[in-house]
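entry.pdb follows; it contains PDB, C-alpha atoms.
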ATOM      1  CA  MET T   1      24.676  24.500  42.669
ATOM      2  CA  SER T   2      22.531  27.185  41.066
ATOM      3  CA  GLY T   3      24.419  26.699  37.825
ATOM      4  CA  LEU T   4      23.810  22.929  37.956
ATOM      5  CA  ILE T   5      20.091  23.476  38.584
ATOM      6  CA  ALA T   6      19.911  25.894  35.649
ATOM      7  CA  LEU T   7      21.685  23.336  33.438
ATOM      8  CA  LEU T   8      19.248  20.618  34.510
ATOM      9  CA  ASP T   9      16.356  22.954  33.754
ATOM     10  CA  ASP T  10      17.773  23.557  30.278
ATOM     11  CA  VAL T  11      18.218  19.815  29.718
ATOM     12  CA  ALA T  12      14.641  19.187  30.862
ATOM     13  CA  ALA T  13      13.357  21.903  28.520
ATOM     14  CA  ILE T  14      15.308  20.420  25.604
ATOM     15  CA  ALA T  15      13.962  16.956  26.452
ATOM     16  CA  LYS T  16      10.405  18.306  26.471
ATOM     17  CA  VAL T  17      10.916  19.938  23.079
ATOM     18  CA  ALA T  18      12.450  16.737  21.691
ATOM     19  CA  ALA T  19       9.596  14.631  23.074
ATOM     20  CA  SER T  20       7.076  17.062  21.634
ATOM     21  CA  SER T  21       8.804  16.904  18.254
ATOM     22  CA  ILE T  22       8.786  13.098  18.329
ATOM     23  CA  ASP T  23       5.081  13.137  19.194
ATOM     24  CA  ASP T  24       4.465  15.537  16.300
ATOM     25  CA  VAL T  25       6.407  13.321  13.893
ATOM     26  CA  ILE T  26       4.596  10.145  14.963
ATOM     27  CA  GLY T  27       1.224  11.896  14.887
ATOM     28  CA  GLN T  28       1.798  13.350  11.434
ATOM     29  CA  ALA T  29       3.169  10.020  10.194
ATOM     30  CA  ALA T  30       0.087   8.177  11.450
ATOM     31  CA  LYS T  31      -2.279  10.668   9.802
ATOM     32  CA  ALA T  32      -0.302  10.638   6.562
ATOM     33  CA  GLY T  33      -0.165   6.844   6.591
ATOM     34  CA  THR T  34      -3.943   6.523   6.841
ATOM     35  CA  LYS T  35      -4.277   8.551   3.645
ATOM     36  CA  ALA T  36      -2.396   5.792   1.839
ATOM     37  CA  ALA T  37      -4.812   3.073   3.007
ATOM     38  CA  GLY T  38      -5.674   1.833  -0.470
ATOM     39  CA  ALA T  39      -2.096   1.209  -1.547
ATOM     40  CA  VAL T  40      -1.190  -0.240   1.867
ATOM     41  CA  ILE T  41      -4.057  -2.757   1.890
ATOM     42  CA  ASP T  42      -3.327  -3.785  -1.673
ATOM     43  CA  ASP T  43       0.352  -4.209  -0.817
ATOM     44  CA  ALA T  44      -0.598  -6.539   2.029
ATOM     45  CA  ALA T  45      -3.034  -8.414  -0.220
ATOM     46  CA  VAL T  46      -0.571  -8.849  -3.095
ATOM     47  CA  SER T  47       2.613  -9.714  -1.177
ATOM     48  CA  PRO T  48       1.733 -13.247   0.103
ATOM     49  CA  LYS T  49       1.764 -14.597  -3.461
ATOM     50  CA  TYR T  50       5.509 -14.015  -3.688
ATOM     51  CA  VAL T  51       6.225 -16.864  -1.272
ATOM     52  CA  GLN T  52       3.903 -19.363  -2.939
ATOM     53  CA  GLY T  53       5.765 -22.488  -4.022
ATOM     54  CA  PHE T  54       8.550 -22.199  -1.438
ATOM     55  CA  GLU T  55       9.240 -24.564   1.421
ATOM     56  CA  ALA T  56       7.847 -23.362   4.738
ATOM     57  CA  SER T  57      11.381 -22.816   6.067
ATOM     58  CA  ARG T  58      12.107 -20.290   3.284
ATOM     59  CA  GLU T  59       8.924 -18.198   3.561
ATOM     60  CA  LEU T  60      10.068 -15.862   6.346
ATOM     61  CA  PRO T  61      13.587 -15.348   4.877
ATOM     62  CA  VAL T  62      12.021 -14.364   1.541
ATOM     63  CA  ILE T  63       9.639 -11.941   3.276
ATOM     64  CA  TRP T  64      12.557 -10.436   5.225
ATOM     65  CA  ARG T  65      14.464  -9.995   1.987
ATOM     66  CA  ILE T  66      11.509  -8.187   0.402
ATOM     67  CA  THR T  67      11.074  -6.086   3.552
ATOM     68  CA  LYS T  68      14.673  -4.855   3.333
ATOM     69  CA  GLY T  69      14.163  -4.075  -0.352
ATOM     70  CA  SER T  70      11.005  -2.135   0.446
ATOM     71  CA  LEU T  71      12.785  -0.076   3.107
ATOM     72  CA  ARG T  72      15.597   0.603   0.645
ATOM     73  CA  ASN T  73      13.062   1.737  -1.960
ATOM     74  CA  LYS T  74      11.420   4.144   0.469
ATOM     75  CA  LEU T  75      14.375   5.500   2.430
ATOM     76  CA  LEU T  76      17.172   5.641  -0.141
ATOM     77  CA  PHE T  77      15.255   6.559  -3.306
ATOM     78  CA  LEU T  78      11.714   7.776  -2.684
ATOM     79  CA  LEU T  79      12.281   9.841   0.469
ATOM     80  CA  PRO T  80      15.009  12.057  -1.079
ATOM     81  CA  ALA T  81      12.933  12.371  -4.259
ATOM     82  CA  GLY T  82       9.886  13.401  -2.237
ATOM     83  CA  LEU T  83      11.828  15.998  -0.244
ATOM     84  CA  ALA T  84      13.316  17.405  -3.451
ATOM     85  CA  LEU T  85       9.831  17.711  -4.932
ATOM     86  CA  SER T  86       8.550  19.443  -1.822
ATOM     87  CA  ALA T  87      11.460  21.897  -1.794
ATOM     88  CA  PHE T  88      11.883  22.680  -5.486
ATOM     89  CA  ALA T  89       8.778  21.553  -7.373
ATOM     90  CA  SER T  90       5.843  21.472  -4.975
ATOM     91  CA  TRP T  91       3.574  22.239  -7.935
ATOM     92  CA  ALA T  92       4.350  18.746  -9.288
ATOM     93  CA  ILE T  93       3.034  16.878  -6.231
ATOM     94  CA  ALA T  94      -0.651  17.153  -7.194
ATOM     95  CA  PRO T  95      -0.149  15.954 -10.816
ATOM     96  CA  LEU T  96       2.064  13.095  -9.621
ATOM     97  CA  LEU T  97      -0.540  12.212  -7.026
ATOM     98  CA  MET T  98      -3.201  12.128  -9.745
ATOM     99  CA  LEU T  99      -0.936   9.958 -11.884
ATOM    100  CA  GLY T 100      -0.556   7.571  -8.958
ATOM    101  CA  GLY T 101      -4.323   7.662  -8.395
ATOM    102  CA  ALA T 102      -4.876   6.753 -12.033
ATOM    103  CA  TYR T 103      -2.493   3.826 -11.585
ATOM    104  CA  LEU T 104      -4.483   2.613  -8.565
ATOM    105  CA  CYS T 105      -7.702   2.894 -10.590
ATOM    106  CA  PHE T 106      -6.125   0.939 -13.443
ATOM    107  CA  GLU T 107      -4.850  -1.822 -11.146
ATOM    108  CA  GLY T 108      -8.152  -2.106  -9.301
ATOM    109  CA  ALA T 109     -10.249  -2.079 -12.472
ATOM    110  CA  GLU T 110      -7.988  -4.662 -14.087
ATOM    111  CA  LYS T 111      -8.537  -7.007 -11.138
ATOM    112  CA  VAL T 112     -12.302  -6.531 -11.432
ATOM    113  CA  ALA T 113     -12.206  -7.108 -15.205
ATOM    114  CA  HIS T 114     -10.042 -10.197 -14.738
ATOM    115  CA  ALA T 115     -12.461 -11.599 -12.137
ATOM    116  CA  LEU T 116     -15.351 -11.049 -14.570
ATOM    117  CA  GLY T 117     -13.445 -12.670 -17.449
ATOM    118  CA  LEU T 118     -13.198  -9.401 -19.380
ATOM    119  CA  SER T 119      -9.413  -9.154 -19.244
ATOM    120  CA  HIS T 120      -6.501 -11.538 -18.937
ATOM    121  CA  GLY T 121      -4.644  -9.068 -16.746
ATOM    122  CA  HIS T 122      -0.885  -8.988 -16.564
ATOM    123  CA  GLU T 123       1.561 -11.217 -14.773
ATOM    124  CA  ASP T 124       4.382  -9.972 -12.611
ATOM    125  CA  TYR T 125       6.605 -12.648 -14.090
ATOM    126  CA  PRO T 126       6.383 -12.981 -17.867
ATOM    127  CA  ASP T 127       8.693 -16.005 -17.672
ATOM    128  CA  LYS T 128       6.667 -17.731 -14.945
ATOM    129  CA  ASP T 129       6.411 -20.938 -17.018
ATOM    130  CA  LYS T 130      10.177 -21.200 -17.297
ATOM    131  CA  VAL T 131      11.490 -24.153 -15.327
ATOM    132  CA  VAL T 132      13.913 -23.063 -12.636
ATOM    133  CA  GLU T 133      15.683 -26.048 -11.132
ATOM    134  CA  ASP T 134      17.782 -24.054  -8.657
ATOM    135  CA  PRO T 135      15.619 -22.952  -5.668
ATOM    136  CA  ALA T 136      18.076 -20.138  -4.922
ATOM    137  CA  SER T 137      17.588 -18.763  -8.445
ATOM    138  CA  LEU T 138      13.808 -18.946  -8.080
ATOM    139  CA  GLU T 139      14.016 -17.152  -4.734
ATOM    140  CA  GLU T 140      16.246 -14.479  -6.250
ATOM    141  CA  GLN T 141      13.866 -14.007  -9.172
ATOM    142  CA  LYS T 142      10.718 -13.748  -7.090
ATOM    143  CA  ALA T 143      12.264 -11.476  -4.456
ATOM    144  CA  ALA T 144      13.595  -9.145  -7.167
ATOM    145  CA  GLY T 145      10.195  -9.040  -8.854
ATOM    146  CA  ALA T 146       8.452  -8.331  -5.541
ATOM    147  CA  ILE T 147      10.830  -5.459  -4.754
ATOM    148  CA  LYS T 148      10.243  -3.929  -8.205
ATOM    149  CA  THR T 149       6.475  -4.149  -7.749
ATOM    150  CA  ASP T 150       6.854  -2.722  -4.235
ATOM    151  CA  PHE T 151       8.630   0.309  -5.717
ATOM    152  CA  ILE T 152       5.432   1.397  -7.499
ATOM    153  CA  LEU T 153       3.205   0.957  -4.454
ATOM    154  CA  SER T 154       5.835   2.574  -2.209
ATOM    155  CA  ALA T 155       6.057   5.564  -4.556
ATOM    156  CA  GLU T 156       2.297   6.000  -4.318
ATOM    157  CA  ILE T 157       2.344   5.624  -0.520
ATOM    158  CA  MET T 158       5.149   8.160  -0.091
ATOM    159  CA  THR T 159       3.557  10.661  -2.477
ATOM    160  CA  ILE T 160       0.202  10.432  -0.673
ATOM    161  CA  ALA T 161       1.966  10.805   2.664
ATOM    162  CA  LEU T 162       3.957  13.810   1.423
ATOM    163  CA  ALA T 163       0.778  15.529   0.246
ATOM    164  CA  ALA T 164      -0.873  14.850   3.628
ATOM    165  CA  ILE T 165       1.926  16.388   5.725
ATOM    166  CA  PRO T 166       1.001  19.913   6.881
ATOM    167  CA  PRO T 167       3.422  22.725   5.947
ATOM    168  CA  SER T 168       6.545  22.433   8.094
ATOM    169  CA  ASN T 169      10.319  22.639   7.900
ATOM    170  CA  PHE T 170      12.611  20.339   5.942
ATOM    171  CA  TRP T 171      13.645  18.192   8.900
ATOM    172  CA  MET T 172      10.087  17.670  10.123
ATOM    173  CA  GLU T 173       9.034  16.526   6.645
ATOM    174  CA  ALA T 174      12.066  14.236   6.399
ATOM    175  CA  ALA T 175      11.430  12.704   9.828
ATOM    176  CA  THR T 176       7.725  12.259   9.117
ATOM    177  CA  LEU T 177       8.325  10.586   5.751
ATOM    178  CA  ALA T 178      10.954   8.317   7.289
ATOM    179  CA  ALA T 179       8.517   7.379  10.065
ATOM    180  CA  VAL T 180       5.812   6.664   7.460
ATOM    181  CA  ALA T 181       8.235   4.499   5.485
ATOM    182  CA  VAL T 182       9.273   2.412   8.484
ATOM    183  CA  MET T 183       5.819   2.156  10.088
ATOM    184  CA  ILE T 184       4.044   1.112   6.896
ATOM    185  CA  THR T 185       6.760  -1.328   5.830
ATOM    186  CA  VAL T 186       6.799  -3.022   9.232
ATOM    187  CA  ALA T 187       3.003  -3.121   9.337
ATOM    188  CA  VAL T 188       2.602  -4.517   5.813
ATOM    189  CA  TYR T 189       5.300  -7.155   5.843
ATOM    190  CA  GLY T 190       4.695  -8.028   9.479
ATOM    191  CA  ALA T 191       1.079  -8.735   8.528
ATOM    192  CA  VAL T 192       2.251 -10.694   5.473
ATOM    193  CA  ALA T 193       4.540 -12.823   7.662
ATOM    194  CA  VAL T 194       1.649 -13.614   9.997
ATOM    195  CA  ILE T 195      -0.667 -14.422   7.078
ATOM    196  CA  VAL T 196       1.697 -16.809   5.288
ATOM    197  CA  LYS T 197       2.512 -18.688   8.504
ATOM    198  CA  MET T 198      -1.075 -18.878   9.736
ATOM    199  CA  ASP T 199      -1.815 -22.118   7.888
ATOM    200  CA  ASP T 200       1.354 -23.681   9.327
ATOM    201  CA  LEU T 201       0.224 -22.630  12.795
ATOM    202  CA  GLY T 202      -3.216 -24.086  12.123
ATOM    203  CA  LEU T 203      -1.695 -27.360  10.942
ATOM    204  CA  LEU T 204       0.479 -27.553  14.045
ATOM    205  CA  MET T 205      -2.503 -26.882  16.297
ATOM    206  CA  ALA T 206      -4.635 -29.443  14.455
ATOM    207  CA  ASN T 207      -2.007 -32.199  14.666
ATOM    208  CA  LYS T 208      -0.441 -31.597  18.067
ATOM    209  CA  GLY T 209      -2.993 -29.666  20.078
ATOM    210  CA  ARG T 210      -3.709 -31.262  23.437
ATOM    211  CA  LEU T 211      -7.258 -29.973  23.682
ATOM    212  CA  GLY T 212     -10.095 -30.688  21.287
ATOM    213  CA  LEU T 213     -10.795 -26.949  21.075
ATOM    214  CA  THR T 214      -7.203 -26.251  20.045
ATOM    215  CA  ARG T 215      -7.333 -28.899  17.332
ATOM    216  CA  SER T 216     -10.675 -27.547  16.089
ATOM    217  CA  LEU T 217      -9.285 -24.008  15.941
ATOM    218  CA  GLY T 218      -6.285 -25.304  14.003
ATOM    219  CA  ARG T 219      -8.467 -27.031  11.434
ATOM    220  CA  GLY T 220     -10.556 -23.880  11.182
ATOM    221  CA  LEU T 221      -7.449 -21.800  10.449
ATOM    222  CA  VAL T 222      -6.314 -24.183   7.710
ATOM    223  CA  ARG T 223      -9.742 -24.253   6.076
ATOM    224  CA  GLY T 224     -10.331 -20.533   6.515
ATOM    225  CA  MET T 225      -7.087 -19.079   5.144
ATOM    226  CA  PRO T 226      -7.938 -19.443   1.411
ATOM    227  CA  GLY T 227     -11.220 -17.603   1.952
ATOM    228  CA  PHE T 228      -9.475 -14.976   4.072
ATOM    229  CA  LEU T 229      -6.916 -14.310   1.338
ATOM    230  CA  LYS T 230      -9.692 -13.944  -1.232
ATOM    231  CA  ALA T 231     -11.542 -11.537   1.059
ATOM    232  CA  LEU T 232      -8.330  -9.556   1.602
ATOM    233  CA  THR T 233      -7.907  -9.288  -2.165
ATOM    234  CA  VAL T 234     -11.471  -7.979  -2.529
ATOM    235  CA  VAL T 235     -10.943  -5.432   0.247
ATOM    236  CA  GLY T 236      -7.627  -4.370  -1.276
ATOM    237  CA  THR T 237      -9.199  -3.902  -4.712
ATOM    238  CA  ALA T 238     -12.074  -1.854  -3.290
ATOM    239  CA  ALA T 239      -9.632   0.284  -1.309
ATOM    240  CA  MET T 240      -7.518   0.905  -4.416
ATOM    241  CA  LEU T 241     -10.548   2.077  -6.396
ATOM    242  CA  TRP T 242     -11.788   4.253  -3.543
ATOM    243  CA  VAL T 243      -8.429   5.918  -2.861
ATOM    244  CA  GLY T 244      -7.561   6.241  -6.560
ATOM    245  CA  GLY T 245     -10.943   7.743  -7.412
ATOM    246  CA  SER T 246     -10.856  10.177  -4.486
ATOM    247  CA  ILE T 247      -7.330  11.313  -5.424
ATOM    248  CA  ILE T 248      -8.420  12.058  -8.984
ATOM    249  CA  VAL T 249     -11.578  13.884  -7.864
ATOM    250  CA  HIS T 250      -9.636  15.979  -5.343
ATOM    251  CA  GLY T 251      -6.934  16.718  -7.914
ATOM    252  CA  MET T 252      -9.543  17.871 -10.415
ATOM    253  CA  GLU T 253     -10.921  20.259  -7.804
ATOM    254  CA  GLU T 254      -7.445  21.687  -7.204
ATOM    255  CA  LEU T 255      -7.111  22.251 -10.948
ATOM    256  CA  GLY T 256     -10.438  24.099 -11.045
ATOM    257  CA  PHE T 257     -12.703  21.286 -12.291
ATOM    258  CA  THR T 258     -15.054  21.175  -9.322
ATOM    259  CA  THR T 259     -18.307  19.907 -10.855
ATOM    260  CA  LEU T 260     -17.778  16.206 -10.181
ATOM    261  CA  GLY T 261     -16.439  16.769  -6.675
ATOM    262  CA  HIS T 262     -19.390  18.998  -5.745
ATOM    263  CA  TRP T 263     -21.863  16.499  -7.198
ATOM    264  CA  ILE T 264     -20.377  13.610  -5.185
ATOM    265  CA  HIS T 265     -20.327  15.709  -2.017
ATOM    266  CA  ASP T 266     -23.928  16.839  -2.447
ATOM    267  CA  ALA T 267     -25.150  13.337  -3.291
ATOM    268  CA  ALA T 268     -23.372  11.838  -0.258
ATOM    269  CA  TYR T 269     -24.788  14.608   1.949
ATOM    270  CA  ALA T 270     -28.305  13.868   0.694
ATOM    271  CA  VAL T 271     -27.912  10.134   1.333
ATOM    272  CA  GLY T 272     -26.568  10.809   4.811
ATOM    273  CA  HIS T 273     -29.673  12.805   5.708
ATOM    274  CA  MET T 274     -31.967   9.918   4.749
ATOM    275  CA  VAL T 275     -30.948   7.870   7.792
ATOM    276  CA  PRO T 276     -31.198   8.417  11.560
ATOM    277  CA  PRO T 277     -28.804  11.033  12.982
ATOM    278  CA  ALA T 278     -26.836   8.372  14.895
ATOM    279  CA  ILE T 279     -25.465   6.896  11.660
ATOM    280  CA  GLU T 280     -25.682  10.008   9.494
ATOM    281  CA  GLY T 281     -21.936  10.713   9.458
ATOM    282  CA  ALA T 282     -20.935   7.120   8.726
ATOM    283  CA  THR T 283     -23.554   6.812   5.972
ATOM    284  CA  GLU T 284     -22.378  10.019   4.326
ATOM    285  CA  TRP T 285     -18.740   8.841   4.475
ATOM    286  CA  PHE T 286     -19.516   5.409   3.017
ATOM    287  CA  SER T 287     -21.666   6.981   0.300
ATOM    288  CA  LYS T 288     -18.870   9.329  -0.731
ATOM    289  CA  ALA T 289     -16.323   6.492  -0.640
ATOM    290  CA  ALA T 290     -18.612   4.308  -2.778
ATOM    291  CA  MET T 291     -19.098   7.046  -5.374
ATOM    292  CA  ASP T 292     -15.368   7.756  -5.457
ATOM    293  CA  GLY T 293     -14.829   4.029  -5.955
ATOM    294  CA  VAL T 294     -17.364   3.786  -8.786
ATOM    295  CA  PHE T 295     -15.686   6.727 -10.500
ATOM    296  CA  GLY T 296     -12.301   5.051  -9.958
ATOM    297  CA  LEU T 297     -13.613   1.817 -11.478
ATOM    298  CA  ALA T 298     -15.023   3.635 -14.528
ATOM    299  CA  LEU T 299     -11.761   5.520 -15.061
ATOM    300  CA  GLY T 300      -9.729   2.349 -14.560
ATOM    301  CA  LEU T 301     -11.771   0.436 -17.123
ATOM    302  CA  LEU T 302     -11.081   3.206 -19.631
ATOM    303  CA  LEU T 303      -7.356   2.992 -18.845
ATOM    304  CA  ILE T 304      -7.069  -0.803 -19.237
ATOM    305  CA  PRO T 305      -6.412  -0.756 -23.022
ATOM    306  CA  LEU T 306      -3.742   1.920 -22.562
ATOM    307  CA  GLY T 307      -2.165   0.013 -19.700
ATOM    308  CA  GLU T 308      -2.191  -3.404 -21.347
ATOM    309  CA  LYS T 309      -1.073  -2.284 -24.797
ATOM    310  CA  ILE T 310       1.483   0.386 -23.920
ATOM    311  CA  ILE T 311       2.393   0.833 -20.244
ATOM    312  CA  THR T 312       2.743  -2.816 -19.182
ATOM    313  CA  PRO T 313       4.880  -3.873 -22.192
ATOM    314  CA  LEU T 314       7.088  -0.821 -21.658
ATOM    315  CA  TRP T 315       7.417  -1.607 -17.940
ATOM    316  CA  ARG T 316       8.414  -5.196 -18.717
ATOM    317  CA  ALA T 317      10.920  -4.100 -21.361
ATOM    318  CA  VAL T 318      12.637  -1.706 -18.939
ATOM    319  CA  PHE T 319      12.485  -3.495 -15.580
ATOM    320  CA  HIS T 320      12.405  -7.197 -16.507
ATOM    321  CA  ARG T 321      15.313  -6.972 -18.892
ATOM    322  CA  GLY T 322      17.756  -9.724 -18.168
ATOM    323  CA  THR T 323      15.524 -11.546 -15.637
TER
END

Go ahead and express the file in the form of structure tokens.
Amino acid sequence: MSGLIALLDDVAAIAKVAASSIDDVIGQAAKAGTKAAGAVIDDAAVSPKYVQGFEASRELPVIWRITKGSLRNKLLFLLPAGLALSAFASWAIAPLLMLGGAYLCFEGAEKVAHALGLSHGHEDYPDKDKVVEDPASLEEQKAAGAIKTDFILSAEIMTIALAAIPPSNFWMEAATLAAVAVMITVAVYGAVAVIVKMDDLGLLMANKGRLGLTRSLGRGLVRGMPGFLKALTVVGTAAMLWVGGSIIVHGMEELGFTTLGHWIHDAAYAVGHMVPPAIEGATEWFSKAAMDGVFGLALGLLLIPLGEKIITPLWRAVFHRGT
């Protein structure tokens, strides 16, 4: 009996350690995931366009197909690459993070320039005017293009998450990155599924709702979704510029170029102390985020010619070959 009690005590101790480890993984994954907010919001803002033009019955299957591709990108390719970087070339994480930040700045600035009529931007499908009579072929083409675009955003998300994980052992980093991959993918494409079906729900409520309030809410959903999608795009663009700019500024500080980072910090601190103490912290945070975003926009505008003339054509030549 004493031996059985000792065994149960050992099992309980192991269970406590396992539960603590799971809590640590989830906690670290949540913190790391928040660092990737800009790329995550943009991913959610961009993804609904990939189901435009499909019948309502095919929207969720297409999203599920893209979701599986996104998980494959993160778990089979990016997670091992991230762990290898952490183990053998940790010095490369900061430069890669800055490269990803520059990409976010470029994407965000290009959207702003396109909205202002200063740039034609780039299309995800250079053959978008090609007539595709077979719906299955169109679905295959759009899903493949979405998964390729997801690879870039997923790489940025995983790199940001890797940089945000505190020093730990190999298995903790692997578990945390895997948790980030699954949590973010489910959150993004779950939100996308809700968004693309919201107008269908509104139409159903408007046509078949028994109560006048239900029908009114349905009509409101149908009328409000286009504006909501536009607002989501604006928020996603702002988040990209903010996160991209802050990554570059922080990377410059790590490389010894601290002037810009100190100036932004001091300016945000000064602005924060101009308001009542109750909102001082929030004002300082928003001021710093705004200045990081303005820097990201300026850098992105400078990168647009390079991106449009060199990077985008090269990307199309490599990844759209044969599509």

Exercise. Which residue gives the smallest distance to Val186 of chain T among T:Lys142, T:Leu118, T:Gly227, T:Ile63, with only C-alpha atoms counted?
Worked result: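 With only C-alpha atoms as the atom set, the closest residue is T:Ile63.
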
Problem set entry | Which of T:Thr159, T:Thr233, T:Ser216, T:Thr67 sits closest to Ala193 of chain T [using only C-alpha atoms] |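 Closest to Ala193 of chain T, using only C-alpha atoms: T:Thr67.
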
Seminar exercise, completed: note - atom CA of Gly82 of chain T and atom CA of Ala155 of chain T are separated by 9.0 Å

Problem set entry | Residues within 10 Å of Ile152 of chain T, only C-alpha atoms, excluding chain neighbours under 5 positions, as JSON, numbers by chain | {"T": [39, 73, 100, 103, 147, 157]}

Exercise. What lies within 12 Å of Pro226 of chain T using all atoms listed in the file, ignoring chain neighbours under 3 positions off, as a ChimeraX atom specification?
Worked result: /T:48-49,195-196,198-199,220-223,229-233

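If you measure from each of T:Ala113, T:Val235, T:Ala164, T:Leu302 to Leu97 of chain T using only C-alpha atoms, the closest one turns out to be T:Ala164.
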
For this session: Would you please work out which residue, of T:Phe228, T:Leu116, T:Gly69, T:Leu104, is nearest to Gly245 of chain T when using only C-alpha atoms?
Result: T:Leu104

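For the choices T:Met98, T:Val62, T:Ala268, T:Ala317, the atom-to-atom distance to Glu254 of chain T is smallest for T:Met98 when using only C-alpha atoms.
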
Name every residue that the PyMOL selection byres ((chain T and resi 291) around 12) selects in this structure, writing the answer as an mmCIF file with C-alpha atoms, keeping the file's coordinate frame with chains first and numbers rising.
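Output file out.cif is given in full below:
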data_model
loop_
_atom_site.group_PDB
_atom_site.id
_atom_site.type_symbol
_atom_site.label_atom_id
_atom_site.label_comp_id
_atom_site.auth_asym_id
_atom_site.auth_seq_id
_atom_site.Cartn_x
_atom_site.Cartn_y
_atom_site.Cartn_z
ATOM 1 C CA ALA T 238 -12.074 -1.854 -3.290
ATOM 2 C CA LEU T 241 -10.548 2.077 -6.396
ATOM 3 C CA TRP T 242 -11.788 4.253 -3.543
ATOM 4 C CA VAL T 243 -8.429 5.918 -2.861
ATOM 5 C CA GLY T 244 -7.561 6.241 -6.560
ATOM 6 C CA GLY T 245 -10.943 7.743 -7.412
ATOM 7 C CA SER T 246 -10.856 10.177 -4.486
ATOM 8 C CA VAL T 249 -11.578 13.884 -7.864
ATOM 9 C CA LEU T 260 -17.778 16.206 -10.181
ATOM 10 C CA GLY T 261 -16.439 16.769 -6.675
ATOM 11 C CA HIS T 262 -19.390 18.998 -5.745
ATOM 12 C CA TRP T 263 -21.863 16.499 -7.198
ATOM 13 C CA ILE T 264 -20.377 13.610 -5.185
ATOM 14 C CA HIS T 265 -20.327 15.709 -2.017
ATOM 15 C CA ASP T 266 -23.928 16.839 -2.447
ATOM 16 C CA ALA T 267 -25.150 13.337 -3.291
ATOM 17 C CA ALA T 268 -23.372 11.838 -0.258
ATOM 18 C CA TYR T 269 -24.788 14.608 1.949
ATOM 19 C CA VAL T 271 -27.912 10.134 1.333
ATOM 20 C CA GLU T 284 -22.378 10.019 4.326
ATOM 21 C CA TRP T 285 -18.740 8.841 4.475
ATOM 22 C CA PHE T 286 -19.516 5.409 3.017
ATOM 23 C CA SER T 287 -21.666 6.981 0.300
ATOM 24 C CA LYS T 288 -18.870 9.329 -0.731
ATOM 25 C CA ALA T 289 -16.323 6.492 -0.640
ATOM 26 C CA ALA T 290 -18.612 4.308 -2.778
ATOM 27 C CA ASP T 292 -15.368 7.756 -5.457
ATOM 28 C CA GLY T 293 -14.829 4.029 -5.955
ATOM 29 C CA VAL T 294 -17.364 3.786 -8.786
ATOM 30 C CA PHE T 295 -15.686 6.727 -10.500
ATOM 31 C CA GLY T 296 -12.301 5.051 -9.958
ATOM 32 C CA LEU T 297 -13.613 1.817 -11.478
ATOM 33 C CA ALA T 298 -15.023 3.635 -14.528
#

Might I get the box with edges along x, y and z of the file that holds all atoms of segment 77-92 of chain T listed there, padded by 3 Å on every side, given as centre and edge lengths in Å to one decimal, as AutoDock Vina command-line options?
--center_x 9.4 --center_y 14.6 --center_z -4.4 --size_x 17.7 --size_y 22.1 --size_z 15.8

Problem set entry | Among the residues T:Ile66, T:Leu60, T:Gly281, T:Leu99, the one that comes closest to Glu140 of chain T [using all atoms listed in the file] |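 Using all atoms listed in the file, Glu140 of chain T sits closest to T:Ile66.
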
Could you rebuild segment 191-198 of chain T with N, CA, C and O atoms and give it back as a compact mmCIF listing (two decimals), in the coordinates of the input?
# COMPACT_ATOMS: atom_id res chain seq x y z
N ALA T 191 2.37 -8.08 8.77
CA ALA T 191 1.08 -8.74 8.53
C ALA T 191 1.23 -9.87 7.51
O ALA T 191 0.61 -10.94 7.67
N VAL T 192 2.04 -9.65 6.48
CA VAL T 192 2.25 -10.69 5.47
C VAL T 192 2.90 -11.92 6.11
O VAL T 192 2.51 -13.07 5.83
N ALA T 193 3.88 -11.70 6.99
CA ALA T 193 4.54 -12.82 7.66
C ALA T 193 3.54 -13.63 8.49
O ALA T 193 3.56 -14.87 8.49
N VAL T 194 2.67 -12.92 9.20
CA VAL T 194 1.65 -13.61 10.00
C VAL T 194 0.70 -14.40 9.10
O VAL T 194 0.36 -15.56 9.38
N ILE T 195 0.29 -13.78 7.97
CA ILE T 195 -0.67 -14.42 7.08
C ILE T 195 -0.09 -15.70 6.48
O ILE T 195 -0.74 -16.75 6.47
N VAL T 196 1.14 -15.64 5.99
CA VAL T 196 1.70 -16.81 5.29
C VAL T 196 2.03 -17.95 6.26
O VAL T 196 2.12 -19.11 5.83
N LYS T 197 2.21 -17.63 7.54
CA LYS T 197 2.51 -18.69 8.50
C LYS T 197 1.27 -19.17 9.25
O LYS T 197 1.36 -20.11 10.04
N MET T 198 0.13 -18.53 9.00
CA MET T 198 -1.08 -18.88 9.74
C MET T 198 -1.53 -20.31 9.45
O MET T 198 -1.98 -21.02 10.35
